[in-house]
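In what follows, a single structure is set out as structure tokens and then discussed.
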Amino acid sequence: CAGLGHHDVLSIGLALCNRQAEHQRGVLALRGMLNREALNPADITLLFKLYNGPNPPPVELLRQPQFLELLVTALIKPGFQLNPEHAPKYCYLLSYAGSVYETKNKGRHGQATTVTSDLKETQQALTAVRDILRRADSSSSELLAELPTLFHHLRLSAVAMLVVRWCAFTLSEESYFNLITDSTPLPFALLDEIVSCHPGHQEEVFKLCTQLLEAAYGTLDTLVQLELKKSIMDRLVHMISQGYVIPILSFIAQCTNDPSVDRSIIRHFITELLELVEPPYSMDFMTLLLPVIQNDDVTGPLRNADSSDIASTFITYCQSELTA
């Protein structure tokens with residue numbers, strides 16, 4: 001349903017719930033919040049009660065992307081004023097959406113069974129991670145001390161959803177990069193772990209990385225900016241190692257055609273990537289990457305006279321494969 005407008009999603013929800021009056025109440029509560037593009041404590045309380053009841057609405061109703069975005073933002077956005085009494089309800093609904101699933105019983109008219117075995121653990125983990133992120137400065141040693149706990153809980157999808165959004169809020173503050181001295185900022189390490197554990201979150205992490213690469217960092221020294229963007233490129237190389245390939249190569253091809261992008265950043269990406277991959281390569285991989293590596297402005301400094309370097313080796317291999 002992610003590609004549908006929220007009216008379409010809610011129409012589907014109504015169809016799923018049309019035999020249960022209490023389910024319709026949940027759909028209407030959700031519709032009101034989505035129409036207003038804002039959460040309402042009364043509607044959240046109603047959903048919380050319905051999903052705690054003996055006959056909860058289908059979990060798909062909570063998985064409307066716009067609703068999940070509103071929940072995550074309310075829980076983790078810096079400066080967002082969320083009543084502490086309501087926070088457990090928000091955590092519960094996000095945990096429910098991320099951990100509960102339904103199985104259809106055998107038989108033509110078998111009723112679906114709601115499986116909540118992971119709900120309690122997910123809610124506890126989500127609450128713990130939120131508390132860690134909210135009480136610790138993003139560049140403080142306190143967060144570093146909590147890294148094992150964060151990594152442990154990141155295996156849960158609902159927690160990963162929260163942490164990706166926290167990383168986005170943190171990294172969007174230019175002042176953040178004025179404070180850090182680590183070559184790999186802690187949010188980058190968290191994003192790497194999320195990419196490794198949750199393929200479903202890779203697209204969101206990729207979009208965040210492209211936004212960071214395209215951002216201006218006017219208060220940073222030029223060399224510091226270059227090192228920062230090379231570190232972001234390292235995240236993209238890691239994503240390729242985890243199977244998220246074509247969108248990244250397409251983005252790199254676009255960067256190569258953009259004269260405003262520093263060639264050294266692309267060269268860094270190519271160097272790290274070619275040290276990671278080995279043949280055979282797919283046709284799409286070669287078609288997208290070969291023009292980038294053939295670009296003298298990008299890889300000229302990498303090549304040597306006897307063509308024994310990694311760039312020349314890749315070019316020779318691809319030309320042989322593509323003309324075979």
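Going by the structure tokens order, chains are called A, B, ..., each with residues numbered from 1, while ligands are numbered from 1 in the order shown.
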
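All residues of segment 81-303 of chain A that DSSP, run on the backbone, classes as strand (DSSP E or B) are A:Tyr101, A:Glu102, A:Thr103, A:Lys104, A:Ala112, A:Thr113, A:Thr114, A:Val115.
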
Find the residues near Ala215 of chain A: any atom within 9 Å, counting only C-alpha atoms, skip ones fewer than 4 places away on the same chain, and give them as a VMD selection string. chain A and resid 172 210 to 211

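Atom CA of Glu203 of chain A is found 21.7 Å from atom CA of Leu75 of chain A.
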
Give me the residues near segment 301-306 of chain A as number ranges by chain, where near means some atom within 12 Å (using only C-alpha atoms) and where sequence neighbours in that chain fewer than 6 positions away do not count. A: 263-264, 266-268, 270-272, 274, 293-295, 312-315

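Here the question is which of A:Leu150, A:Leu28, A:Ala158, A:Leu226 gets nearest to Ala189 of chain A using only C-alpha atoms, and that residue is A:Leu150.
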
Using the chain letters and numbers from this document, which residues of segment 4-241 of chain A does DSSP assign to helix (DSSP H, G or I), as a PyMOL selection string? chain A and resi 6-17+21-36+41-52+59-63+65-76+87-99+119-135+141-145+147-153+157-171+174-179+186-197+199-214+222-241

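As for atom CA of Val115 of chain A and atom CA of Glu102 of chain A, they are spaced 5.8 Å apart.
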
What gap, in Å, lies between atom CA of Thr219 of chain A and atom CA of Ser250 of chain A? 29.7 Å

Give me, as a ChimeraX atom specification, all polymer residues having an atom no more than 10 Å from Pro291 of chain A, counting only C-alpha atoms and skipping those fewer than 4 positions away in the same chain. /A:253,256,286-287,295-296,315

Using only C-alpha atoms, determine which residues lie at most 12 Å from Ser282 of chain A, disregarding the query and same-chain residues fewer than 5 positions distant; provide the list as a PyMOL selection string. chain A and resi 245-246+277+287-290+318+321-322

Output of the above residues as an mmCIF file, in the first residue's frame, restricted to all heavy atoms:
```cif
data_model
loop_
_atom_site.group_PDB
_atom_site.id
_atom_site.type_symbol
_atom_site.label_atom_id
_atom_site.label_comp_id
_atom_site.auth_asym_id
_atom_site.auth_seq_id
_atom_site.Cartn_x
_atom_site.Cartn_y
_atom_site.Cartn_z
ATOM 1 N N VAL A 245 22.322 -1.988 -5.043
ATOM 2 C CA VAL A 245 23.353 -1.685 -6.033
ATOM 3 C C VAL A 245 22.916 -0.674 -7.088
ATOM 4 O O VAL A 245 23.520 0.403 -7.230
ATOM 5 C CB VAL A 245 23.815 -2.989 -6.730
ATOM 6 C CG1 VAL A 245 24.897 -2.692 -7.768
ATOM 7 C CG2 VAL A 245 24.315 -3.999 -5.706
ATOM 8 N N ILE A 246 21.895 -0.995 -7.868
ATOM 9 C CA ILE A 246 21.568 -0.218 -9.057
ATOM 10 C C ILE A 246 21.215 1.236 -8.752
ATOM 11 O O ILE A 246 21.708 2.156 -9.430
ATOM 12 C CB ILE A 246 20.451 -0.901 -9.864
ATOM 13 C CG1 ILE A 246 20.902 -2.306 -10.299
ATOM 14 C CG2 ILE A 246 20.087 -0.076 -11.091
ATOM 15 C CD1 ILE A 246 22.197 -2.344 -11.089
ATOM 16 N N VAL A 277 34.588 -5.340 -4.989
ATOM 17 C CA VAL A 277 33.897 -6.250 -5.908
ATOM 18 C C VAL A 277 34.895 -7.050 -6.734
ATOM 19 O O VAL A 277 36.070 -6.712 -6.838
ATOM 20 C CB VAL A 277 32.953 -5.467 -6.847
ATOM 21 C CG1 VAL A 277 31.908 -4.715 -6.045
ATOM 22 C CG2 VAL A 277 33.741 -4.504 -7.737
ATOM 23 N N THR A 287 27.267 -1.737 -17.337
ATOM 24 C CA THR A 287 26.752 -0.650 -18.166
ATOM 25 C C THR A 287 26.728 0.676 -17.412
ATOM 26 O O THR A 287 27.044 1.729 -17.974
ATOM 27 C CB THR A 287 25.330 -0.988 -18.659
ATOM 28 O OG1 THR A 287 25.366 -2.219 -19.402
ATOM 29 C CG2 THR A 287 24.786 0.104 -19.553
ATOM 30 N N LEU A 288 26.376 0.637 -16.137
ATOM 31 C CA LEU A 288 26.312 1.860 -15.337
ATOM 32 C C LEU A 288 27.698 2.339 -14.890
ATOM 33 O O LEU A 288 27.963 3.542 -14.863
ATOM 34 C CB LEU A 288 25.426 1.635 -14.107
ATOM 35 C CG LEU A 288 23.918 1.585 -14.351
ATOM 36 C CD1 LEU A 288 23.190 1.080 -13.107
ATOM 37 C CD2 LEU A 288 23.408 2.986 -14.727
ATOM 38 N N LEU A 289 28.559 1.394 -14.539
ATOM 39 C CA LEU A 289 29.831 1.778 -13.917
ATOM 40 C C LEU A 289 30.938 2.064 -14.936
ATOM 41 O O LEU A 289 31.799 2.919 -14.690
ATOM 42 C CB LEU A 289 30.278 0.681 -12.957
ATOM 43 C CG LEU A 289 31.366 1.049 -11.946
ATOM 44 C CD1 LEU A 289 30.937 2.250 -11.098
ATOM 45 C CD2 LEU A 289 31.674 -0.136 -11.040
ATOM 46 N N LEU A 290 30.926 1.388 -16.068
ATOM 47 C CA LEU A 290 32.021 1.542 -17.036
ATOM 48 C C LEU A 290 32.219 2.983 -17.489
ATOM 49 O O LEU A 290 33.366 3.474 -17.488
ATOM 50 C CB LEU A 290 31.790 0.621 -18.236
ATOM 51 C CG LEU A 290 32.891 0.649 -19.311
ATOM 52 C CD1 LEU A 290 34.238 0.249 -18.713
ATOM 53 C CD2 LEU A 290 32.524 -0.281 -20.477
ATOM 54 N N CYS A 318 35.323 -5.313 -18.704
ATOM 55 C CA CYS A 318 33.991 -4.928 -19.179
ATOM 56 C C CYS A 318 33.944 -4.824 -20.687
ATOM 57 O O CYS A 318 32.974 -5.264 -21.314
ATOM 58 C CB CYS A 318 33.566 -3.600 -18.549
ATOM 59 S SG CYS A 318 33.225 -3.704 -16.778
ATOM 60 N N GLU A 321 33.668 -8.279 -22.043
ATOM 61 C CA GLU A 321 32.361 -8.889 -21.806
ATOM 62 C C GLU A 321 31.274 -8.240 -22.650
ATOM 63 O O GLU A 321 30.386 -8.929 -23.183
ATOM 64 C CB GLU A 321 32.000 -8.783 -20.324
ATOM 65 C CG GLU A 321 32.838 -9.639 -19.404
ATOM 66 C CD GLU A 321 32.617 -11.130 -19.648
ATOM 67 O OE1 GLU A 321 31.442 -11.539 -19.704
ATOM 68 O OE2 GLU A 321 33.623 -11.858 -19.786
ATOM 69 N N LEU A 322 31.304 -6.927 -22.780
ATOM 70 C CA LEU A 322 30.235 -6.209 -23.474
ATOM 71 C C LEU A 322 30.317 -6.353 -24.987
ATOM 72 O O LEU A 322 29.322 -6.137 -25.692
ATOM 73 C CB LEU A 322 30.255 -4.730 -23.087
ATOM 74 C CG LEU A 322 29.897 -4.421 -21.626
ATOM 75 C CD1 LEU A 322 30.127 -2.947 -21.317
ATOM 76 C CD2 LEU A 322 28.460 -4.801 -21.326
#
```

Give me the residues within 12 Å of Asn178 of chain A as a ChimeraX atom specification, counting only C-alpha atoms and dropping any in the same chain fewer than 5 places off. /A:139,171,173,185,217-221,224-225,228

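Residues with any atom within 12 Å of Pro54 of chain A, counting only C-alpha atoms and excluding same-chain neighbours fewer than 5 positions away, are A:Glu22, A:His23, A:Lys49, A:Thr113, A:Thr114.
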
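Residue nearest Ile232 of chain A, chosen from A:Glu60, A:Asp43, A:Glu146, A:Glu214 and counting only C-alpha atoms: A:Glu214.
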
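Proximity ranking of A:Asn105, A:Gln123, A:Ser231, A:Ser196 relative to Tyr244 of chain A places A:Ser196 first, based on only C-alpha atoms.
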
Kindly provide the residues of segment 136-238 of chain A that approach segment 90-98 of chain A to within 9 Å, each paired with its closest atom pair and their distance in Å to one decimal, based on only C-alpha atoms, listed by chain and increasing number, as a Markdown table.
```
| residue | atom | partner | partner_atom | distance |
| --- | --- | --- | --- | --- |
| A:Leu156 | CA | A:Gly98 | CA | 8.0 |
| A:Ser157 | CA | A:Gly98 | CA | 6.0 |
| A:Ala158 | CA | A:Gly98 | CA | 4.9 |
| A:Val159 | CA | A:Ser95 | CA | 8.2 |
| A:Met161 | CA | A:Gly98 | CA | 8.9 |
```

Keeping only C-alpha atoms, write the selected residues as a JSON list (two decimals), in the first residue's frame.
```
[["chain", "number", "residue", "atom", "x", "y", "z"],
["A", 156, "LEU", "CA", 14.06, -5.04, 15.44],
["A", 157, "SER", "CA", 12.44, -3.23, 12.51],
["A", 158, "ALA", "CA", 10.46, -0.74, 14.60],
["A", 159, "VAL", "CA", 13.64, 0.30, 16.42],
["A", 161, "MET", "CA", 12.70, 2.92, 11.85]]
```
